[in-house]
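Novice: So that we are looking at the same thing, I have put the structure below in structure tokens.
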Amino acid sequence: MKLREMKRNNIFNTFFGMFSILKVSSLLLLLGFIFSCSVEKYIPEDKLLYAGANVEFSTKIDTIRDIETIKTELEKVLKPVKNKEFLGMRPGLYFHYKAQKEKPGFINKFLNKKFGEEPVYSTRIDQAQTESLILNRLENRGFFFSEVTSRVEKDSIEKEARVDYSVRLSQPYLMEQYKIDSDSSLVYEDIAAGISNTELKKGMRYDLSELKKERVRIDLDLKQRGYYNFGPGLLIFEADTNQYSNKRFDIFLRLKKDVPKSTIVPYKISKVNIFPNHVIGNDSILKDTIRFAEKNFIQDVEYFKPNKLDPFLLIEEGQYFSPSNSSATSRRLSTIGAYKFVNIRYDEIDSLSTDSLGILEANIFLSPLNKRAIRAELQAVTKSNNFAGPNLALTYVNRNLFKGGEILNLTAKFGYEFQLAKGNQSGFNSLEFGIGADLIYPRLLFPISISKDFFKYAIPKTKISLGADYLTRTNLFSLMSFYGSFGYYWNANKYITHEFNPIAVNYVKLANTTQAFDDILTANPFLKTSFDQQFIAGLTYTFTYNGMVDIAKTHQVFTSFNVDIAGNTLDLVSSSSDDGEPKKFAGLEYAQYAKADIDFRYHFNFAKEQKIATRLFAGLGMPYGNSDVMPYTRQYFSGGPYSVRAFKTRSLGPGTYVPEESEDNLSYFDQTGNIRLEANVEYRFPIYSFFKGALFADAGNVWNTNDSLEGGKFSSDFINELGIGVGAGLRIDIQSFVIRFDLATAVKRPTDGKQFNFDYQNPVLNFAIGYPF
């Protein structure tokens, strides 16, 4: 044992020595590249490289609340745009100059084509034009009669020139009154009816962007009232300063002269036509028309039943035109999953009605996806517990199964995994087979009829799932599992998703155990008990708030809350056991527990492609009634590429528990718990092109609520039992497809207590797809 330990230490020392040499070599190469990328020697003698510009204010700006926004807007008009820099270098410019040599060579030509940039010299500076643009932006913000001066600074040694723009802000003009032109036409009445929602308030600074927003707000409000042809360009604002002498003004809103009559009248819908099986280019084919719910369903053969499609339609005959109804109808139809394109077209109809009302005919064209599809996925799986191998998944899809938008998914999967560098030792090869079926109804299957207007944003879907998996771990055990569920999922709005499964059943049977695995269970009664009750029947609920969809926001929040309750219904219908043994249902011992966890994430986007990403996770599972421990498949584990990355999967905890070392490395079966706490923070930044970098720190662990394992029970000293790691990552981000490499090392193990121990000799390399959080 000592000899093996010495060999392992020698290997680590040798590896670390090689790693140190590699780091020094890499540093020297980097320094060489930095110095070689200097471009000063390539700049012509009579030229200076443009190094950028700066905007400064020469007047007091403390009282201007949005001064940083104004400054950012002014910086956007600074011309020209200087050459890109990276770590003080200009690689794009360097590659350009190298390609201008008499014999540049293939490599220089290639690098110039991919990354090269034309040099931007100081001769392209136009101070007068830039000063004019700055004044224009200031006037748009209400700072009329401001002054701008500029000065060019030249550095003959560095061969660079930059421009400093100095801005003296004038006192801004402030609004006194907001008035709408008086007229007898209906459109002015409708504009006035929505004036309470305006953002233009007394005392606000003149701001062209705010006036444009007000025009857009009025346009949206009028569109919602039926003004189909209205547009923000029909409105004009006029400012009047004649009434005041202290830089105040009144703002007047009116229509432009000679606007078309059709733009200032509301429109009603006279007819709604739906084409459930529309094929582009086949409009001339005669099709049958079915009248249902005051709508015309036009299709040559019945592709989609009208009574099943009608709940998705919010456009009705006799309604005023409403863009919100149109977008909601389009969104609802798109979520069915049977259509490739949804196109809503309104046609204006000539009418003998009064000039105060227009007539529209709504046509809804639905182009189906292929009814049947087969998809095959071949994956090369690598896990942080050293398991690797190929996975094959086949999926068959049948859309619009019963002519009501139903989708049937049939899946079959096969996987083979082996643990690297472990030879043929027991337990380190596994085979997995699985089949599954999902039947999704794009509606709520419920005994009581619910109005289609009850769910405003999207109609819930009903999902019925059945499946079975078989896992065999060589020379250890076989595991058969069967599962089934019935539930609903729906989007409450753009951010919130609900998933509720009132029926969720899972049965796991452990079989063909070897003596080696039986010895593990015998030595750990807690683990053995967790495998005994593998019949799980209960309900689950998931609430998700995803603010990450607003990618332009500085502050983004994501929250997921999960509840899993099992065994209560079975406990009501099961008879008590006379010998004090756990109750059974249909001859099967069932689990009874309650489990809840929350995953909270916050992203702070403080600069372009730079953010601080944080995550907090807390979970608790409590067995009760018929169970003394949580089922093994419902317990928490910690460590791995989506957890605490300095520790391998299932290698952390519970608590300060340290498993006995064994040649077959089967201790990970023990390292689970019914309490999990984790915290992560990560700084993400761009490197070059689609290469991104990250610096991160993780902390976490799992615990038990009992003392079945030494040191594994949760206590008030849990904060000192956290495993903590730090590291750096490289991400290849190609249009949101992310390949991630994270190298992490532990700085504190749970057994270290309050002491920190930087274990740089045992780094863990994590490979994964997608960001960790």
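We label chains A, B, ... in the order they appear in the structure tokens, count residues from 1 in each chain, and number ligands from 1 in the order shown.
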Pick out the residues sitting within 7 Å of stretch 631-645 of chain A, and hand them over as a PyMOL selection string; count only C-alpha atoms, and ignore anything fewer than 2 positions along from it in its own chain.
Specialist: chain A and resi 384+530-531+533-534+591+629+647-652+671-676+698-702+725+744+766-768+772
Novice: If you run DSSP over the backbone, which residues in stretch 417-614 of chain A end up alpha helix (DSSP H)? Put them as a list in words.
Specialist: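 Written out, the alpha helix (DSSP H) residues of stretch 417-614 of chain A are Gln515, Ala516, Phe517, Asp518, Asp519, Ile520, Leu521, Thr522, Ala523, Pro525, Phe526, Leu527, Lys528, Thr529, Ser530, Phe531, Asp532, Asn568, Thr569, Leu570, Asp571, Leu572 and Val573 of chain A.
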Novice: I need the residue nearest A:Lys461 from this list: A:Ser575, A:Thr335, A:Thr656, A:Ser715. Use only C-alpha atoms for the distance.
Specialist: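 Result for the nearest residue to A:Lys461: A:Thr335.
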Novice: Considering only C-alpha atoms, state which residue in the set A:Ala679, A:Val272, A:Leu313, A:Leu135 is at the smallest distance from A:Gly723.
Specialist: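 Among the listed residues, A:Ala679 lies closest to A:Gly723.
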Novice: If you count only C-alpha atoms, which residues fall within 8 Å of A:Leu253, apart from same-chain ones fewer than 4 positions away, as a PyMOL selection string?
Specialist: chain A and resi 178-181+235-238
Novice: Selection from above, C-alpha atoms, as a PDB file, in the first residue's frame, can you write it?
Specialist:
ATOM      1  CA  TYR A 178     -48.507  68.416 -22.490  1.00  0.00           C
ATOM      2  CA  LYS A 179     -51.508  69.216 -24.695  1.00  0.00           C
ATOM      3  CA  ILE A 180     -53.426  67.352 -27.413  1.00  0.00           C
ATOM      4  CA  ASP A 181     -54.844  69.254 -30.373  1.00  0.00           C
ATOM      5  CA  LEU A 235     -48.190  62.143 -35.255  1.00  0.00           C
ATOM      6  CA  ILE A 236     -46.122  65.275 -34.830  1.00  0.00           C
ATOM      7  CA  PHE A 237     -44.982  67.143 -31.709  1.00  0.00           C
ATOM      8  CA  GLU A 238     -44.539  70.922 -31.599  1.00  0.00           C
TER       9      GLU A 238
END
Novice: Just list as a compact mmCIF listing (two decimals) with N, CA and C atoms, in the first residue's frame whatever in stretch 486-561 of chain A DSSP marks as strand (DSSP E or B).
Specialist:
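This went into selection-v4.txt:
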# COMPACT_ATOMS: atom_id res chain seq x y z
N PHE A 486 -48.73 11.30 -15.28
CA PHE A 486 -49.82 12.03 -15.93
C PHE A 486 -49.80 13.43 -15.34
N GLY A 487 -49.70 14.45 -16.22
CA GLY A 487 -49.63 15.80 -15.69
C GLY A 487 -49.83 16.86 -16.74
N TYR A 488 -49.64 18.09 -16.30
CA TYR A 488 -49.87 19.27 -17.13
C TYR A 488 -48.66 20.20 -17.06
N TYR A 489 -48.44 20.93 -18.14
CA TYR A 489 -47.43 22.00 -18.12
C TYR A 489 -47.90 23.13 -19.02
N TRP A 490 -47.58 24.36 -18.60
CA TRP A 490 -48.03 25.53 -19.35
C TRP A 490 -47.19 26.75 -18.98
N ASN A 491 -47.21 27.72 -19.89
CA ASN A 491 -46.55 29.01 -19.67
C ASN A 491 -47.58 30.02 -19.19
N ILE A 496 -42.78 32.79 -16.78
CA ILE A 496 -43.16 31.79 -15.79
C ILE A 496 -43.72 30.53 -16.45
N THR A 497 -43.21 29.38 -16.00
CA THR A 497 -43.68 28.08 -16.47
C THR A 497 -44.07 27.22 -15.27
N HIS A 498 -45.19 26.51 -15.41
CA HIS A 498 -45.64 25.58 -14.38
C HIS A 498 -45.64 24.16 -14.95
N GLU A 499 -45.29 23.20 -14.12
CA GLU A 499 -45.43 21.79 -14.47
C GLU A 499 -45.95 21.04 -13.25
N PHE A 500 -47.11 20.40 -13.41
CA PHE A 500 -47.77 19.72 -12.30
C PHE A 500 -48.14 18.31 -12.72
N ASN A 501 -47.61 17.31 -12.00
CA ASN A 501 -47.90 15.91 -12.26
C ASN A 501 -48.64 15.33 -11.04
N PRO A 502 -49.97 15.27 -11.08
CA PRO A 502 -50.70 14.70 -9.95
C PRO A 502 -50.48 13.21 -9.79
N ILE A 503 -50.03 12.57 -10.87
CA ILE A 503 -49.71 11.14 -10.81
C ILE A 503 -48.29 10.94 -11.32
N ALA A 504 -47.43 10.44 -10.46
CA ALA A 504 -46.04 10.14 -10.84
C ALA A 504 -45.64 8.86 -10.14
N VAL A 505 -45.44 7.79 -10.91
CA VAL A 505 -45.15 6.46 -10.36
C VAL A 505 -43.80 5.99 -10.87
N ASN A 506 -43.02 5.41 -9.96
CA ASN A 506 -41.70 4.89 -10.34
C ASN A 506 -41.43 3.63 -9.53
N TYR A 507 -41.05 2.56 -10.22
CA TYR A 507 -40.73 1.31 -9.53
C TYR A 507 -39.34 0.86 -9.99
N VAL A 508 -38.47 0.63 -9.01
CA VAL A 508 -37.11 0.21 -9.29
C VAL A 508 -36.86 -1.12 -8.60
N LYS A 509 -36.33 -2.07 -9.34
CA LYS A 509 -36.05 -3.39 -8.77
C LYS A 509 -34.57 -3.70 -8.92
N LEU A 510 -33.92 -3.91 -7.76
CA LEU A 510 -32.52 -4.28 -7.75
C LEU A 510 -32.42 -5.80 -7.84
N ALA A 511 -31.64 -6.31 -8.78
CA ALA A 511 -31.57 -7.76 -9.00
C ALA A 511 -30.15 -8.16 -9.38
N PHE A 535 -40.64 1.53 -4.68
CA PHE A 535 -41.93 1.82 -5.30
C PHE A 535 -42.35 3.21 -4.84
N ILE A 536 -42.34 4.14 -5.79
CA ILE A 536 -42.60 5.55 -5.47
C ILE A 536 -43.83 6.00 -6.23
N ALA A 537 -44.85 6.47 -5.51
CA ALA A 537 -46.06 6.97 -6.14
C ALA A 537 -46.47 8.26 -5.43
N GLY A 538 -46.57 9.34 -6.18
CA GLY A 538 -46.92 10.61 -5.56
C GLY A 538 -47.20 11.67 -6.60
N LEU A 539 -46.85 12.91 -6.25
CA LEU A 539 -47.07 14.03 -7.17
C LEU A 539 -45.83 14.92 -7.17
N THR A 540 -45.66 15.64 -8.26
CA THR A 540 -44.54 16.59 -8.38
C THR A 540 -45.06 17.91 -8.93
N TYR A 541 -44.37 18.99 -8.56
CA TYR A 541 -44.72 20.32 -9.08
C TYR A 541 -43.43 21.12 -9.25
N THR A 542 -43.34 21.83 -10.37
CA THR A 542 -42.17 22.68 -10.65
C THR A 542 -42.64 24.05 -11.09
N PHE A 543 -42.10 25.07 -10.43
CA PHE A 543 -42.34 26.46 -10.81
C PHE A 543 -41.02 27.04 -11.31
N THR A 544 -41.05 27.66 -12.48
CA THR A 544 -39.83 28.23 -13.06
C THR A 544 -40.07 29.66 -13.49
N TYR A 545 -39.21 30.54 -13.01
CA TYR A 545 -39.19 31.93 -13.50
C TYR A 545 -37.87 32.13 -14.23
N ASN A 546 -37.94 32.42 -15.52
CA ASN A 546 -36.74 32.55 -16.35
C ASN A 546 -36.63 33.97 -16.90
N HIS A 555 -29.49 43.20 -15.22
CA HIS A 555 -29.75 42.28 -14.11
C HIS A 555 -30.72 41.20 -14.58
N GLN A 556 -30.31 39.95 -14.47
CA GLN A 556 -31.14 38.82 -14.89
C GLN A 556 -31.30 37.84 -13.74
N VAL A 557 -32.51 37.29 -13.60
CA VAL A 557 -32.80 36.39 -12.50
C VAL A 557 -33.48 35.13 -13.04
N PHE A 558 -33.09 34.00 -12.49
CA PHE A 558 -33.72 32.71 -12.80
C PHE A 558 -34.00 32.00 -11.47
N THR A 559 -35.22 31.45 -11.34
CA THR A 559 -35.59 30.71 -10.14
C THR A 559 -36.38 29.48 -10.53
N SER A 560 -36.02 28.35 -9.93
CA SER A 560 -36.77 27.11 -10.13
C SER A 560 -37.05 26.50 -8.77
N PHE A 561 -38.32 26.19 -8.53
CA PHE A 561 -38.74 25.61 -7.25
C PHE A 561 -39.44 24.28 -7.52
Novice: Would you compute the distance between atom CA of A:Tyr590 and atom CA of A:Asp628? Give it in Å to one decimal.
Specialist: 11.5 Å
Novice: Show which residues sit within 9 Å of A:Ala516, as a compact mmCIF listing (two decimals) with N, CA and C atoms, in the first residue's frame. Count only C-alpha atoms, and ignore same-chain residues fewer than 3 positions away.
Specialist:
# COMPACT_ATOMS: atom_id res chain seq x y z
N SER A 426 -14.37 -5.04 -11.31
CA SER A 426 -15.82 -5.16 -11.19
C SER A 426 -16.46 -3.81 -10.99
N ASN A 475 -20.64 -7.49 -13.00
CA ASN A 475 -20.19 -8.15 -11.77
C ASN A 475 -20.64 -7.45 -10.50
N LEU A 476 -21.69 -6.64 -10.60
CA LEU A 476 -22.19 -5.96 -9.40
C LEU A 476 -23.69 -6.17 -9.22
N THR A 513 -27.62 -9.16 -7.78
CA THR A 513 -26.51 -8.57 -7.04
C THR A 513 -25.43 -9.63 -6.79
N ASP A 519 -21.93 -7.20 0.06
CA ASP A 519 -21.07 -6.82 1.18
C ASP A 519 -21.16 -5.31 1.44
N ILE A 520 -21.27 -4.54 0.35
CA ILE A 520 -21.42 -3.09 0.52
C ILE A 520 -22.72 -2.77 1.25
Novice: Could the residues of stretch 133-160 of chain A that have an atom at most 9 Å from stretch 63-85 of chain A be listed as CSV, each with its closest atom pair and the distance in Å to one decimal, counting only C-alpha atoms and ordered by chain and ascending residue number?
Specialist:
residue,atom,partner,partner_atom,distance
A:Leu133,CA,A:Val77,CA,6.6
A:Ile134,CA,A:Leu74,CA,5.9
A:Arg137,CA,A:Leu74,CA,6.9
A:Leu138,CA,A:Ile70,CA,8.0
A:Arg141,CA,A:Ile70,CA,8.0
Novice: Take the selection from the previous step and output its residues with all heavy atoms, as a PDB file, in the first residue's frame.
Specialist:
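Below you can see out-v4.pdb, which holds the result:
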ATOM      1  N   LEU A 133     -22.050  66.291 -34.589  1.00  0.00           N
ATOM      2  CA  LEU A 133     -22.854  65.153 -34.149  1.00  0.00           C
ATOM      3  C   LEU A 133     -23.091  65.196 -32.648  1.00  0.00           C
ATOM      4  O   LEU A 133     -24.182  64.879 -32.164  1.00  0.00           O
ATOM      5  CB  LEU A 133     -22.162  63.839 -34.530  1.00  0.00           C
ATOM      6  CG  LEU A 133     -22.138  63.494 -36.025  1.00  0.00           C
ATOM      7  CD1 LEU A 133     -21.251  62.272 -36.270  1.00  0.00           C
ATOM      8  CD2 LEU A 133     -23.559  63.213 -36.523  1.00  0.00           C
ATOM      9  N   ILE A 134     -22.067  65.594 -31.883  1.00  0.00           N
ATOM     10  CA  ILE A 134     -22.213  65.690 -30.425  1.00  0.00           C
ATOM     11  C   ILE A 134     -23.253  66.746 -30.066  1.00  0.00           C
ATOM     12  O   ILE A 134     -24.128  66.535 -29.204  1.00  0.00           O
ATOM     13  CB  ILE A 134     -20.857  66.011 -29.771  1.00  0.00           C
ATOM     14  CG1 ILE A 134     -19.914  64.818 -29.908  1.00  0.00           C
ATOM     15  CG2 ILE A 134     -21.035  66.395 -28.305  1.00  0.00           C
ATOM     16  CD1 ILE A 134     -18.509  65.064 -29.412  1.00  0.00           C
ATOM     17  N   ARG A 137     -26.784  65.403 -30.695  1.00  0.00           N
ATOM     18  CA  ARG A 137     -27.268  64.491 -29.657  1.00  0.00           C
ATOM     19  C   ARG A 137     -27.634  65.242 -28.385  1.00  0.00           C
ATOM     20  O   ARG A 137     -28.601  64.885 -27.697  1.00  0.00           O
ATOM     21  CB  ARG A 137     -26.212  63.424 -29.343  1.00  0.00           C
ATOM     22  CG  ARG A 137     -25.837  62.535 -30.523  1.00  0.00           C
ATOM     23  CD  ARG A 137     -27.053  61.819 -31.114  1.00  0.00           C
ATOM     24  NE  ARG A 137     -26.674  60.867 -32.143  1.00  0.00           N
ATOM     25  CZ  ARG A 137     -26.592  61.148 -33.430  1.00  0.00           C
ATOM     26  NH1 ARG A 137     -26.865  62.379 -33.857  1.00  0.00           N
ATOM     27  NH2 ARG A 137     -26.248  60.224 -34.310  1.00  0.00           N
ATOM     28  N   LEU A 138     -26.891  66.301 -28.070  1.00  0.00           N
ATOM     29  CA  LEU A 138     -27.203  67.102 -26.886  1.00  0.00           C
ATOM     30  C   LEU A 138     -28.528  67.842 -27.060  1.00  0.00           C
ATOM     31  O   LEU A 138     -29.331  67.940 -26.115  1.00  0.00           O
ATOM     32  CB  LEU A 138     -26.069  68.094 -26.603  1.00  0.00           C
ATOM     33  CG  LEU A 138     -24.736  67.478 -26.148  1.00  0.00           C
ATOM     34  CD1 LEU A 138     -23.670  68.549 -26.042  1.00  0.00           C
ATOM     35  CD2 LEU A 138     -24.907  66.764 -24.801  1.00  0.00           C
ATOM     36  N   ARG A 141     -31.415  65.785 -26.421  1.00  0.00           N
ATOM     37  CA  ARG A 141     -31.616  65.548 -24.993  1.00  0.00           C
ATOM     38  C   ARG A 141     -32.023  66.813 -24.237  1.00  0.00           C
ATOM     39  O   ARG A 141     -32.094  66.808 -23.003  1.00  0.00           O
ATOM     40  CB  ARG A 141     -30.332  65.000 -24.375  1.00  0.00           C
ATOM     41  CG  ARG A 141     -29.972  63.599 -24.838  1.00  0.00           C
ATOM     42  CD  ARG A 141     -30.863  62.570 -24.199  1.00  0.00           C
ATOM     43  NE  ARG A 141     -30.455  61.196 -24.508  1.00  0.00           N
ATOM     44  CZ  ARG A 141     -30.951  60.123 -23.920  1.00  0.00           C
ATOM     45  NH1 ARG A 141     -31.906  60.267 -23.007  1.00  0.00           N
ATOM     46  NH2 ARG A 141     -30.555  58.922 -24.254  1.00  0.00           N
TER      47      ARG A 141
END
Novice: Find the residues near A:Asp207: any atom within 7 Å, counting only C-alpha atoms, skip ones fewer than 3 places away on the same chain, and give them as a ChimeraX atom specification.
Specialist: /A:140-142,210-211
Novice: Determine, counting only C-alpha atoms, which protein, DNA and RNA residues have an atom within 10 Å of an atom of A:Val342; residues of the same chain fewer than 6 positions away are not included. Present the result as JSON, numbers by chain.
Specialist: {"A": [276, 278, 329, 330, 331, 332, 333, 334, 364, 365, 366, 367, 368]}
Novice: What is the distance between atom CA of A:Ser485 and atom CA of A:Ile448, in Å to one decimal?
Specialist: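 Going from atom CA of A:Ser485 over to atom CA of A:Ile448, I get 20.3 Å.
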Novice: Name the closest residue to A:Ile551 among the candidates A:Thr411, A:Ser270, A:Gln177, A:Asn605; distances are taken between atoms, counting only C-alpha atoms.
Specialist: A:Asn605
Novice: Would you list the contacts of A:Tyr416 as a VMD selection string, taking every protein, DNA or RNA residue within 8 Å and counting only C-alpha atoms, but skipping same-chain residues closer than 2 positions in sequence?
Specialist: chain A and resid 389 to 391 414 418 429 to 432
Novice: Restricting the calculation to only C-alpha atoms, which member of A:Lys261, A:Arg345, A:Val148, A:Glu417 is positioned closest to A:Thr474?
Specialist: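 Under the stated criterion, the closest residue is A:Glu417.
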Novice: Would you please work out which residue, of A:Gln224, A:Phe115, A:Leu169, A:Arg124, is nearest to A:Arg90 when using only C-alpha atoms?
Specialist: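 Closest to A:Arg90 of all the choices is A:Phe115.
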